[in-house]
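These notes concern the structure reproduced below.
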Amino acid sequence: MRSDGLELVARDVSVQFEGLKALSDVTLAVPRGGITGLIGPNGAGKTTLINVLTGFQPVGAGSIELEGEPLNGIAAHKLRHKGVARTFQSGRLFRDLPVVDNLEVTGVGLGQTRRDAIAEAQRVLAWLGISSLANTIAGALPYTDERRVAIGRAIMCTPRYLLLDEPAAGMSEHESHDLAAIIRRIAGELNVGVLLIEHNIGLVLELCERIFVLDSGEIIEVGTPAEIRDSDAVRHAYMGTQRDELIPPIVAEAAVAS
Amino acid sequence: MTDVLQIVFDALSLGSLYALGALGIALIFGVMRLVNFAHGDFIAFCVFAMLWPSIDAAAIVFAGRLPFYLLIPLLLLIGAVLSILSEIVVFRRFRNTNPATMMIASFALGFVIRHLLLMLYSSRPKSITLWPSLGLPVEFLGAHIPMLQVVTIMITLVVLVVLVLFLKRTRYGLEMRAAAENFTMARMLGVRANGVILLAFAISGMLAAAIGLILATNSGTADIGMGANVMLIAFIATVIGGLGSIPGAVAAGFLIGAASVVFQATLPHDARVFRDAFVYGAVIVVLLVRPQGLFAPKSAKQRV
Amino acid sequence: MTLLAVDDITVSYGRLTALRGVTLKIDEGEILFVTGPNGAGKSTLLNAIAGVVPAGSGSIIIDGARVTGNSPEDIARRGFSLVPEGRNVFGALTIEENLKVGTGMRRDRKRIADDLESIYEEFPMLAERRRTPAGMLSGGQQQMLVIGRALMAAPRIMAIDEPSLGLAPKIIDQVYEILVRLRAQRKLTLLIVEQSSTRAMMTGGRMVLIRGGRIVLEGAAADMIKDDRLKQAYFGFGDH
Amino acid sequence: ADEIVIGFATAASGFMQAYDKPAQDAALIRIDEINKAGGLLGKKIKPVFADTKTDQAEGAKAGLAVLDQGADLVIVSCDYDFGAPAALQAQAAGKVSFFLCAESIKAGIPGVGPFSFSASVLAAVQGATMSEWAYNKKNARTFYRLLDSWTVYNKGICDGFDWQLPHLKEAKLVGSDTFKNDDASIASQITRIKGLPKEPDAIMLCTMMPGAVSAIKQIRAAGIKSMILNGSGVDGSYWLNATPDLSNFYVPVQGSVYGDDPNPKVNEFNKKYKEVTGGDPSSQYVYPGYVLIDVWAKAVERAKSTDAAAVVAELEKMNNEPTLFGPRTFTKEIHHQNQGRYLIVNTEAGKPRVVDQWTISEKIPVDYLVSK
Amino acid sequence: MSTRPSVIRQTIVTPIILIVALLIMAALTYQFGSRAFNRTAVEMFINIMVVVGLYVFVGNSGLLSFGHISFMCLGAYMTAWLAIPPVMKSITLKGLPAWLLHTQLPMWVATPISGLFAAIFALIIGRVIMRLSGIAASIATFGLLGVVNNVYSNWDSVTGGQGSIVGIPPTMNVWIGWLGATAAIVIAYLYSISRSGLALRATRDEAVAASASGINIVRERLIAFVVSAFIIGLAGALYAHFLSIVNPGAFYLRTTFVTLSMLVVGGMYSLSGAVSGVVVMSVLIELFRNLEKGISLGGHTIALPNGAQEIAIGAITIVMLMYLPTGLSRNREFSWRGWPLQRPLARPVQTALKELN
Ligand SMILES: Nc1ncnc2c1ncn2[C@@H]1O[C@H](COP(=O)(O)OP(=O)(O)OP(=O)(O)O)[C@@H](O)[C@H]1O
Ligand SMILES: Nc1ncnc2c1ncn2[C@@H]1O[C@H](COP(=O)(O)OP(=O)(O)OP(=O)(O)O)[C@@H](O)[C@H]1O
Ligand SMILES: [Mg+2]
Ligand SMILES: [Mg+2]
């Protein structure tokens with residue numbers, strides 16, 4: 001963990017659902033300005049961990065700290081005020097509202113006037129390159145655009161931390177590249193600490209500085225992309241044994257693209 | 001001791017009535033997310049079906065004269081047909097709409113039925129005599145319990161068990177619950193959704209008829225508004241029982257009945273007129289403590 | 001033999017036309033991949049075949065019978081099973097009940113139990129938690145469940161809208177393995193919306209690329225991947 | 001004008017219709033009689049109508065509608081709550097209004113104003129009459145009070161009972177309970193009665209239709225045999241088959257619909273009513289409609305004008321003015337009857353019959369009534 | 001990319017259109033209507049207040065409330081307590097505290113106080129109820145209605161119990177009604193363009209995402225609850241002045257459902273819907289009432305049988321909802337631009353699947 005303390009930390013967190021141990025003694029830190037990856041098989045507890053970090057899931061044991069400040073039991077909306085933003089695995093846009101209002105809502109929720117929030121929303125949309133969607137009602141968006149708008153909503157008013165739950169799901173390789181660029185800019189230009197959950201392992205390996213691997217609620221590996229790629233435990237639990245040839249080409253391609 | 005027993009029976013019998021009502025509401029709510037505010041008027045309609053339309057003060061009994069083995073099936077049939085018709089003519093067209101829209105449509109339907117009855121029969125309550133022998137008390141451990149109470153409780157329990165088994169154990173029940181949750185997805189899995197929904201309506205209509213019979217036997221009157229109260233309590237019971245939980249709805253029906261009886265029995269005299277305020281207050285408290293309802297299935301709480 | 005034929009269908013959402021004259025043919029036992037950029041109309045195509053989105057014009061024929069405008073349950077009963085985008089589990093039903101919903105239309109009642117067992121074998125996690133309400137599952141677990149559920153209906157044509165959505169790589173392998181095996185065993189016909197062209201290439205089969213509601217490219221998956229035209233067609237020129 | 005207009009702002013549809021219509025028919029019969037006898041002040045009476053639709057806001061409009069047609073007398077819905085809006089309009093227009101059969105003290109000066117009257121007798125008088133009569137004639141000593149808190153009318157009966165009881169030396173209230181008209185079951189109220197060490201001599205049942213039938217049925221089904229005393233609201237035989245062989249059941253009425261009224265003219269009226277409307281009067285609530293035209297017409301004759309102030313002055317002079325259905329008294333303080341002769345109808349084995357008549361020994365004080 | 005004009009400039013036409021349209025109706029009524037018709041118009045204006053008040057809460061939060069009519073009850077009784085001459089109060093409402101017994105305030109003062117009273121009550125009770133969501137919240141509001149009705153029906157010394165209390169000076173005409181409706185529309189409009197209004201609309205179908213956007217759902221709901229209670233409290237006060245008698249039965253289920261129906265028929269998510277629902281339903285009701293009374297056609301009078309009006313209104317409501325399930329306004333606001341044509345926005349089409357997710 002970083003010495004300057006600018007990180008969002010889950011320390012020894014355990015969560016249990018009626019006998020099912022969703023998380024046991026998980027410790028994970030998301031540093032400001034960097035991209036941290038979180039991978040793991042289905043049902044490993046990744047989403048649950050994000051829920052914990054954003055106040056949607058009370059912890060059974062352990063604690064959450066935001067840059068040194070303990071945050072246990074704080075309501076989700078207050079955490080957002082403190083600068084912890086997230087997206088959802090299942091989109092969750094405000095379906096009745098136009099895209100720009102979807103973003104504006106967050107600004108307003110964070111205390112901006114409507115005028116400021118609208119200006120900010122338009123700035124963010126432009127920054128993401130999706131200004132053309134501004135007036136579409138969110139309910140009519142195709143799946144992939146939903147994800148982009150969700151990210152836009154989350155980075156309104158520049159949070160300190162951004163937790164992304166499978167943002168690239170359903171995207172083609174090309175589309176996930178665009179996304180990768182955006183995530184990189186969010187971390188770099190906006191100095192946001194990003195936690196990225198993805199099953200698109202290529203994307204994770206490409207983007208993250210540090211990757212946590214979760215299996216059955218436990219962290220089984222932490223390391224740099226290279227370490228993770230080579231870890232047998234990860235390969236066994238997660239990537240599938242025969243098909244690891246899937247990974248290199250994408251990484252190679254990514255290197256070319258960037 | 002006998003006092004307590006008496007209260008228990010009073011609570012059970014009132015509770016059964018609410019529970020039967022809650023079943024009828026919960027079933028339809030289950031398949032269509034529709035709170036059928038016309039249910040109370042279905043109840044009244046079934047009762048009035050025993051009388052010949054006339055605005056005279058004295059009732060002209062019609063089907064009410066039939067022997068019970070004909071009357072009961074006939075009335076259940078009337079309830080089922082009315083309910084099915086309402087589905088085909090009205091509710092079918094509201095399948096994909098907002099629950100509030102459906103609710104108002106059901107309310108409007110009830111309004112139409114009510115005023116139709118008003119036109120045909122006038123607002124004056126009519127008297128009906130059904131099975132006077134059911135009014136006689138039976139003795140049970142020193143308590144005097146009207147036969148009708150016993151019958152009501154038994155009917156409720158039987159209906160409940162049959163319905164729960166039906167929903168839990170049969171393919172139809174499974175399909176009904178699936179359609180309830182995600183209508184289109186169920187259809188994409190080959191569930192014949194219209195049939196399933198019609199069945200739910202038919203059962204609900206029969207339950208309305210059953211309540212009508214019990215109310216009419218108990219009170220000896222047919223009154224335009226006679227189902228309204230049961231419907232409202234049933235609606236509340238459906239929610240505090242835990243939406244989507246049939247046993248929950250029934251249990252909550254019993255609970256509200258019990259609360260009402262217990263408040264009536266224990267409140268000091270001057271506070272007794274405020275009994276309903278206590279009952280409604282208790283409902284609010286229950287909701288605050290268990291917003292998903294008392295017996296909500298685990299799934300009722302959406303995960304993030 | 002052609003099992004599914006889509007002839008010149010058009011679908012509109014209000015004033016927006018999502019599909020403009022799409023024509024497709026799938027033979028029995030074939031795999032057809034559908035790919036294309038965001039908003040191209042892939043999901044719309046599948047939904048239109050399943051009968052949940054009305055087709056404005058054109059016709060859809062399954063096994064020789066015209067099913068345009070038929071109800072979704074009728075289409076399902078003719079052996080078309082769709083795993084839609086966005087999961088759609090029955091959250092309040094248990095895992096096992098979810099798996100059983102679609103078995104109502106099967107004639108071979110006896111084999112239901114066997115099939116259930118084999119699904120459980122493939123996805124042990126589902127077996128472990130068979131009495132859990134499906135709404136509690138994680139995203140990927142739900143995806144496994146809906147694929148399992150569609151298989152339980154013993155379809156002749158299985159359409160999946162992005163099978164890999166939210167699945168761990170290892171599980172994706174497994175899903176494809178099952179599909180390929182069933183195709184071999186039961187002549188299961190597959191219609192898959194897949195974003196990963198690598199995956200499509202490895203699986204083999206035919207591929208169509210949809211963009212702007214039209215089929216713009218068609219061919220064997222393996223060839224198309226190599227083909228530069230795929231990338232060009234994907235991004236299109238001049239529009240966007 | 002060469003005619004006198006009487007406006008009916010009553011319910012022709014909705015819940016109140018069933019209660020307004022019979023009394024209105026009776027009023028029309030009286031109007032017809034007057035017209036046949038040459039009219040009032042030599043002019044024909046012309047009735048005009050507006051439907052209140054059993055709705056308060058609509059009631060006010062109905063009042064205005066008949067006033068706009070020149071009504072000198074506005075007859076309003078039977079129930080105080082539904083009749084008052086129209087009566088208030090009449091009051092504001094300076095016209096006399098009569099409630100068809102409201103039995104609350106407010107249906108008059110305290111509620112509407114100095115030009116408003118009711119032709120019936122106060123509900124409280126019914127409660128008082130029944131208890132005093134039962135005490136004196138039936139030797140009832142222990143009383144149980146069961147109030148249906150649904151309407152003011154019900155409360156009124158029990159208020160009269162409450163007022164009367166302390167005047168009856170040896171009478172004792174052994175219990176009191178409430179229920180609501182639409183309660184699906186009153187089992188727990190009955191349990192309370194059955195829990196008494198001894199069955200009360202009389203149960204004062206303050207309720208009305210439709211809950212009354214249900215309550216009576218349940219009380220008798222539970223085996224409680226006490227005499228049941230009621231208000232007039234349960235008069236009529238139309239519901240008796242719901243409680244077969246009902247006995248020991250007493251109702252006060254202004255006139256008998258059962259053909260055995262001690263006054264033969266009442267029986268004649270019943271016949272006439274049947275001729276006109278095609279049905280027998282269903283309850284005593286037919287009669288106040290007749291009475292109101294009767295007393296108003298008399299007052300007009302005496303005042304020789306339909307001017308409201310003059311007519312009211314004449315009405316207020318009436319002291320035990322005989323009518324077909326008992327005497328009527330109006331004063332400057334009260335435009336309603338706080339004492340009145342009642343026939344007592346007893347139902348035995350399902351057959352109602354007039355068995356007695358009774359007038360309470362003391363008027364119920366206006367202060368007491370208004371304060372309730 | 002052009003910057004959008006400010007929110008107010010974009011939306012202000014809606015309230016203006018509504019208010020002007022109502023003004024025209026008021027003027028026509030005043031000029032040509034009979035006294036009874038004037039009352040019909042006033043009743044409509046009061047209903048507009050109630051339904052607009054309902055819209056503030058129901059429309060913005062998406063929670064169906066069965067409890068708002070109790071605020072009307074509160075407002076009406078508060079007005080009764082304040083406006084009835086002390087002599088009358090001391091007889092019928094003996095239980096009132098002395099200071100209240102001895103005050104008598106004119107309409108202009110009593111009305112806002114009544115609105116405030118309802119709002120304060122809503123603030124207290126809302127802190128508890130607004131924690132609930134979905135149908136549980138609806139039932140809790142229903143409980144509120146039950147409690148208020150039961151208390152007001154039986155607390156004889158303070159409310160006069162079941163019976164009507166009289167003596168409220170009848171000071172109402174179309175202009176005051178119009179003013180009331182205008183006030184309601186303005187408040188509702190300001191609320192709906194406020195930050196709270198936007199935030200609340202976001203919670204409507206995505207409460208989880210809303211809290212992830214920093215929105216305190218309970219607080220926003222509470223604000224809407226209080227604002228709507230204020231509007232409906234005002235409506236109750238005007239109703240009391242309109243009818244000059246109040247009784248608890250007028251503020252119970254029937255009114256609850258009638259007003260909710262008007263809201264849904266109009267379109268529950270838009271202010272224009274709230275207003276047009278009331279206007280259209282009122283016009284239809286009046287039309288059928290006149291048909292019931294009979295209209296003469298060439299010497300013949302044709303009249304519907306009594307009671308046909310209610311049946312017709314019920315049936316028409318069903319049919320309207322069948323064809324316009326999102327209401328007459330289709331949940332949109334009136335505006336010059338694009339009206340009555342569709343607004344140039346891509347809108348989700350209700351397809352079976354989209355709707356479910
Ligand atoms: N509210 C809950 N009740 C019961 N079980 C739950 C609940 N939430 C999560 N779980 C269980 O906890 C485990 C972890 O779920 P989680 O959603 O965190 O997984 P995940 O790592 O995000 O998986 P995926 O990659 O598939 O999205 C799963 O087995 C899930 O079924
Ligand atoms: N219910 C709807 N209402 C209105 N427009 C819709 C609706 N559903 C889809 N669309 C529009 O139809 C077009 C095609 O959408 P579709 O979902 O079929 O795309 P897709 O190819 O599946 O995209 P993705 O890869 O993002 O899932 C898009 O422009 C989308 O905005
Ligand atoms: Mg997850
Ligand atoms: Mg798609």
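By convention here, the chains of the structure tokens are called A, B, ... in the order presented, each chain's residues are numbered starting at 1, and ligands are numbered starting at 1 in the order presented.
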Would you mind listing the residues within 10 Å of ligand 4, counting only C-alpha atoms and all ligand atoms, as a ChimeraX atom specification? /A:141-144,170-171 /C:35-47,84-86,161-162,193-195
Please return, as a list of chain:residue names, all residues of chain A lying within 6 Å of chain E when only C-alpha atoms are considered.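 My answer is A:Ala76, A:His77, A:Arg80, A:His81, A:Phe94, A:Val105, A:Thr106, A:Val108, A:Gly109, A:Leu110, A:Thr136, A:Ile137, A:Gly139, A:Ala140.
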Selection file, N, CA and C atoms, as a PDB file, in the first residue's frame:
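Printed below is out_16.pdb as written:
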ATOM      1  N   ALA A  76     -24.664   4.919   0.822  1.00  0.00           N
ATOM      2  CA  ALA A  76     -24.096   4.963  -0.522  1.00  0.00           C
ATOM      3  C   ALA A  76     -24.009   6.386  -1.058  1.00  0.00           C
ATOM      4  N   HIS A  77     -25.082   7.158  -0.836  1.00  0.00           N
ATOM      5  CA  HIS A  77     -25.062   8.491  -1.447  1.00  0.00           C
ATOM      6  C   HIS A  77     -24.019   9.386  -0.785  1.00  0.00           C
ATOM      7  N   ARG A  80     -20.660   8.722  -2.315  1.00  0.00           N
ATOM      8  CA  ARG A  80     -20.491   9.377  -3.603  1.00  0.00           C
ATOM      9  C   ARG A  80     -20.075  10.824  -3.393  1.00  0.00           C
ATOM     10  N   HIS A  81     -20.627  11.446  -2.369  1.00  0.00           N
ATOM     11  CA  HIS A  81     -20.217  12.821  -2.066  1.00  0.00           C
ATOM     12  C   HIS A  81     -18.748  12.876  -1.702  1.00  0.00           C
ATOM     13  N   PHE A  94     -30.988   5.897 -15.833  1.00  0.00           N
ATOM     14  CA  PHE A  94     -32.320   6.427 -15.556  1.00  0.00           C
ATOM     15  C   PHE A  94     -33.072   6.403 -16.879  1.00  0.00           C
ATOM     16  N   VAL A 105     -28.097  14.559 -13.314  1.00  0.00           N
ATOM     17  CA  VAL A 105     -28.608  14.100 -12.026  1.00  0.00           C
ATOM     18  C   VAL A 105     -27.476  13.930 -11.017  1.00  0.00           C
ATOM     19  N   THR A 106     -26.390  13.378 -11.478  1.00  0.00           N
ATOM     20  CA  THR A 106     -25.290  13.185 -10.552  1.00  0.00           C
ATOM     21  C   THR A 106     -24.747  14.527 -10.074  1.00  0.00           C
ATOM     22  N   VAL A 108     -26.359  17.270  -9.813  1.00  0.00           N
ATOM     23  CA  VAL A 108     -27.330  17.804  -8.873  1.00  0.00           C
ATOM     24  C   VAL A 108     -27.256  17.047  -7.545  1.00  0.00           C
ATOM     25  N   GLY A 109     -27.112  15.748  -7.657  1.00  0.00           N
ATOM     26  CA  GLY A 109     -26.993  14.948  -6.436  1.00  0.00           C
ATOM     27  C   GLY A 109     -25.778  15.357  -5.626  1.00  0.00           C
ATOM     28  N   LEU A 110     -24.771  15.856  -6.306  1.00  0.00           N
ATOM     29  CA  LEU A 110     -23.561  16.252  -5.598  1.00  0.00           C
ATOM     30  C   LEU A 110     -23.589  17.717  -5.199  1.00  0.00           C
ATOM     31  N   THR A 136     -30.826  11.632 -26.496  1.00  0.00           N
ATOM     32  CA  THR A 136     -31.548  10.360 -26.582  1.00  0.00           C
ATOM     33  C   THR A 136     -32.055   9.996 -25.199  1.00  0.00           C
ATOM     34  N   ILE A 137     -33.260   9.452 -25.165  1.00  0.00           N
ATOM     35  CA  ILE A 137     -33.750   8.945 -23.886  1.00  0.00           C
ATOM     36  C   ILE A 137     -32.965   7.671 -23.569  1.00  0.00           C
ATOM     37  N   GLY A 139     -33.422   4.986 -22.142  1.00  0.00           N
ATOM     38  CA  GLY A 139     -34.036   3.678 -22.324  1.00  0.00           C
ATOM     39  C   GLY A 139     -33.892   3.127 -23.731  1.00  0.00           C
ATOM     40  N   ALA A 140     -33.599   3.995 -24.694  1.00  0.00           N
ATOM     41  CA  ALA A 140     -33.521   3.535 -26.083  1.00  0.00           C
ATOM     42  C   ALA A 140     -32.107   3.201 -26.523  1.00  0.00           C
TER      43      ALA A 140
END
Could you list the protein, DNA and RNA residues that have any atom within 9 Å of ligand 3, counting only C-alpha atoms and all ligand atoms, and write them as a ChimeraX atom specification? /A:42-48,50,88-89,165-166,197-198 /C:138-141,166
Please write the residues from the selection above to a file, keeping N, CA and C atoms, as a PDB file, in the first residue's frame.
ATOM      1  N   ASN A  42     -16.672 -16.405 -12.106  1.00  0.00           N
ATOM      2  CA  ASN A  42     -18.020 -15.930 -11.804  1.00  0.00           C
ATOM      3  C   ASN A  42     -18.401 -16.318 -10.386  1.00  0.00           C
ATOM      4  N   GLY A  43     -18.976 -15.353  -9.701  1.00  0.00           N
ATOM      5  CA  GLY A  43     -19.382 -15.621  -8.326  1.00  0.00           C
ATOM      6  C   GLY A  43     -18.240 -15.565  -7.346  1.00  0.00           C
ATOM      7  N   ALA A  44     -17.103 -15.031  -7.773  1.00  0.00           N
ATOM      8  CA  ALA A  44     -15.968 -14.966  -6.870  1.00  0.00           C
ATOM      9  C   ALA A  44     -16.188 -13.935  -5.771  1.00  0.00           C
ATOM     10  N   GLY A  45     -17.010 -12.943  -6.051  1.00  0.00           N
ATOM     11  CA  GLY A  45     -17.268 -11.919  -5.048  1.00  0.00           C
ATOM     12  C   GLY A  45     -16.808 -10.541  -5.481  1.00  0.00           C
ATOM     13  N   LYS A  46     -16.543 -10.363  -6.760  1.00  0.00           N
ATOM     14  CA  LYS A  46     -16.031  -9.090  -7.242  1.00  0.00           C
ATOM     15  C   LYS A  46     -17.069  -7.986  -7.074  1.00  0.00           C
ATOM     16  N   THR A  47     -18.265  -8.260  -7.561  1.00  0.00           N
ATOM     17  CA  THR A  47     -19.303  -7.245  -7.437  1.00  0.00           C
ATOM     18  C   THR A  47     -19.605  -6.971  -5.970  1.00  0.00           C
ATOM     19  N   THR A  48     -19.604  -8.007  -5.198  1.00  0.00           N
ATOM     20  CA  THR A  48     -19.856  -7.826  -3.769  1.00  0.00           C
ATOM     21  C   THR A  48     -18.809  -6.891  -3.169  1.00  0.00           C
ATOM     22  N   ILE A  50     -17.186  -4.500  -4.684  1.00  0.00           N
ATOM     23  CA  ILE A  50     -17.521  -3.123  -5.095  1.00  0.00           C
ATOM     24  C   ILE A  50     -18.697  -2.599  -4.276  1.00  0.00           C
ATOM     25  N   PHE A  88     -22.461  -0.003 -12.726  1.00  0.00           N
ATOM     26  CA  PHE A  88     -23.109  -1.256 -12.355  1.00  0.00           C
ATOM     27  C   PHE A  88     -22.956  -2.281 -13.459  1.00  0.00           C
ATOM     28  N   GLN A  89     -22.925  -3.508 -13.013  1.00  0.00           N
ATOM     29  CA  GLN A  89     -22.812  -4.603 -13.970  1.00  0.00           C
ATOM     30  C   GLN A  89     -23.989  -4.576 -14.944  1.00  0.00           C
ATOM     31  N   ASP A 165     -17.645  -1.929 -12.957  1.00  0.00           N
ATOM     32  CA  ASP A 165     -18.013  -3.340 -12.919  1.00  0.00           C
ATOM     33  C   ASP A 165     -18.293  -3.824 -14.337  1.00  0.00           C
ATOM     34  N   GLU A 166     -17.353  -4.507 -14.907  1.00  0.00           N
ATOM     35  CA  GLU A 166     -17.453  -5.053 -16.257  1.00  0.00           C
ATOM     36  C   GLU A 166     -17.917  -4.035 -17.296  1.00  0.00           C
ATOM     37  N   ILE A 197     -13.150  -4.127 -12.932  1.00  0.00           N
ATOM     38  CA  ILE A 197     -13.525  -5.538 -12.953  1.00  0.00           C
ATOM     39  C   ILE A 197     -13.822  -5.888 -14.396  1.00  0.00           C
ATOM     40  N   GLU A 198     -13.236  -6.898 -14.912  1.00  0.00           N
ATOM     41  CA  GLU A 198     -13.498  -7.288 -16.292  1.00  0.00           C
ATOM     42  C   GLU A 198     -13.240  -8.764 -16.495  1.00  0.00           C
TER      43      GLU A 198
ATOM     44  N   SER C 138     -24.568 -14.053  -8.926  1.00  0.00           N
ATOM     45  CA  SER C 138     -23.731 -13.025  -9.540  1.00  0.00           C
ATOM     46  C   SER C 138     -24.074 -12.963 -11.027  1.00  0.00           C
ATOM     47  N   GLY C 139     -23.590 -11.910 -11.661  1.00  0.00           N
ATOM     48  CA  GLY C 139     -23.914 -11.713 -13.067  1.00  0.00           C
ATOM     49  C   GLY C 139     -23.565 -12.920 -13.919  1.00  0.00           C
ATOM     50  N   GLY C 140     -22.369 -13.423 -13.758  1.00  0.00           N
ATOM     51  CA  GLY C 140     -21.924 -14.546 -14.568  1.00  0.00           C
ATOM     52  C   GLY C 140     -22.698 -15.808 -14.244  1.00  0.00           C
ATOM     53  N   GLN C 141     -22.996 -15.984 -12.987  1.00  0.00           N
ATOM     54  CA  GLN C 141     -23.769 -17.167 -12.605  1.00  0.00           C
ATOM     55  C   GLN C 141     -25.144 -17.137 -13.262  1.00  0.00           C
ATOM     56  N   GLY C 166     -20.242 -11.333 -19.481  1.00  0.00           N
ATOM     57  CA  GLY C 166     -20.066 -11.464 -18.037  1.00  0.00           C
ATOM     58  C   GLY C 166     -19.518 -12.793 -17.586  1.00  0.00           C
TER      59      GLY C 166
END
For the interface of chain C with ligand 1 (cut-off 12 Å, counting only C-alpha atoms and all ligand atoms), please tabulate each contacting residue of chain C alongside its nearest pair of atoms and their separation in Å to one decimal, rows sorted by chain and increasing number, as a Markdown table.
| residue | atom | partner | partner_atom_place_in_ligand_line | distance |
| --- | --- | --- | --- | --- |
| C:Arg87 | CA | ligand 1 | 26 (O) | 11.8 |
| C:Gly91 | CA | ligand 1 | 3 (N) | 11.3 |
| C:Ala92 | CA | ligand 1 | 3 (N) | 11.9 |
| C:Thr94 | CA | ligand 1 | 31 (O) | 11.8 |
| C:Ile95 | CA | ligand 1 | 31 (O) | 10.8 |
| C:Met125 | CA | ligand 1 | 29 (O) | 8.3 |
| C:Leu126 | CA | ligand 1 | 29 (O) | 9.7 |
| C:Glu128 | CA | ligand 1 | 29 (O) | 10.1 |
| C:Arg129 | CA | ligand 1 | 31 (O) | 8.4 |
| C:Arg130 | CA | ligand 1 | 31 (O) | 11.1 |
| C:Arg131 | CA | ligand 1 | 4 (C) | 11.5 |
| C:Thr132 | CA | ligand 1 | 4 (C) | 8.0 |
| C:Pro133 | CA | ligand 1 | 4 (C) | 8.3 |
| C:Ala134 | CA | ligand 1 | 31 (O) | 8.1 |
| C:Gly135 | CA | ligand 1 | 3 (N) | 8.1 |
| C:Met136 | CA | ligand 1 | 3 (N) | 4.6 |
| C:Leu137 | CA | ligand 1 | 31 (O) | 3.4 |
| C:Ser138 | CA | ligand 1 | 17 (O) | 3.5 |
| C:Gly139 | CA | ligand 1 | 27 (O) | 3.9 |
| C:Gly140 | CA | ligand 1 | 26 (O) | 3.1 |
| C:Gln141 | CA | ligand 1 | 26 (O) | 5.1 |
| C:Gln142 | CA | ligand 1 | 26 (O) | 7.3 |
| C:Gln143 | CA | ligand 1 | 26 (O) | 7.9 |
| C:Met144 | CA | ligand 1 | 26 (O) | 9.0 |
| C:Leu145 | CA | ligand 1 | 26 (O) | 11.0 |
| C:Ser164 | CA | ligand 1 | 26 (O) | 11.0 |
| C:Leu165 | CA | ligand 1 | 26 (O) | 9.6 |
| C:Gly166 | CA | ligand 1 | 25 (O) | 6.0 |
| C:Leu167 | CA | ligand 1 | 26 (O) | 6.3 |
| C:Ala168 | CA | ligand 1 | 25 (O) | 6.6 |
| C:Pro169 | CA | ligand 1 | 25 (O) | 10.4 |
| C:Lys170 | CA | ligand 1 | 25 (O) | 11.6 |
| C:Ile171 | CA | ligand 1 | 26 (O) | 10.2 |
| C:Ile172 | CA | ligand 1 | 26 (O) | 11.8 |
Which residues are near stretch 25-30 of chain D? Cut-off 8 Å, only C-alpha atoms, ignore same chain within fewer than 3 positions. Put them as a short mmCIF file (atom, residue, chain, number, x, y, z; two decimals) with C-alpha atoms, in the first residue's frame.
data_model
loop_
_atom_site.label_atom_id
_atom_site.label_comp_id
_atom_site.auth_asym_id
_atom_site.auth_seq_id
_atom_site.Cartn_x
_atom_site.Cartn_y
_atom_site.Cartn_z
CA LYS D 21 -87.03 8.49 -3.10
CA PRO D 22 -89.71 7.05 -0.78
CA GLU D 33 -103.58 16.30 -2.34
CA ILE D 34 -103.15 20.00 -1.79
CA PRO D 47 -92.46 20.53 -7.87
CA TYR D 273 -98.78 5.29 -1.47
CA VAL D 276 -99.07 5.89 -6.61
CA THR D 277 -95.73 4.17 -6.42
CA VAL D 286 -91.64 7.50 3.97
CA TYR D 287 -93.72 9.53 6.38
CA PRO D 288 -91.62 12.60 7.18
CA GLY D 289 -91.84 13.57 3.53
CA TYR D 290 -95.60 13.81 3.89
CA VAL D 291 -95.33 15.62 7.19
CA LEU D 292 -93.03 18.30 5.92
CA ILE D 293 -95.31 19.40 3.10
CA ASP D 294 -98.16 19.26 5.50
#
Long-range neighbours of B:Leu134 as a list in words, 7 Å cut-off, only C-alpha atoms, 6 positions minimum in chain: Pro146, Met147 and Leu148 of chain B
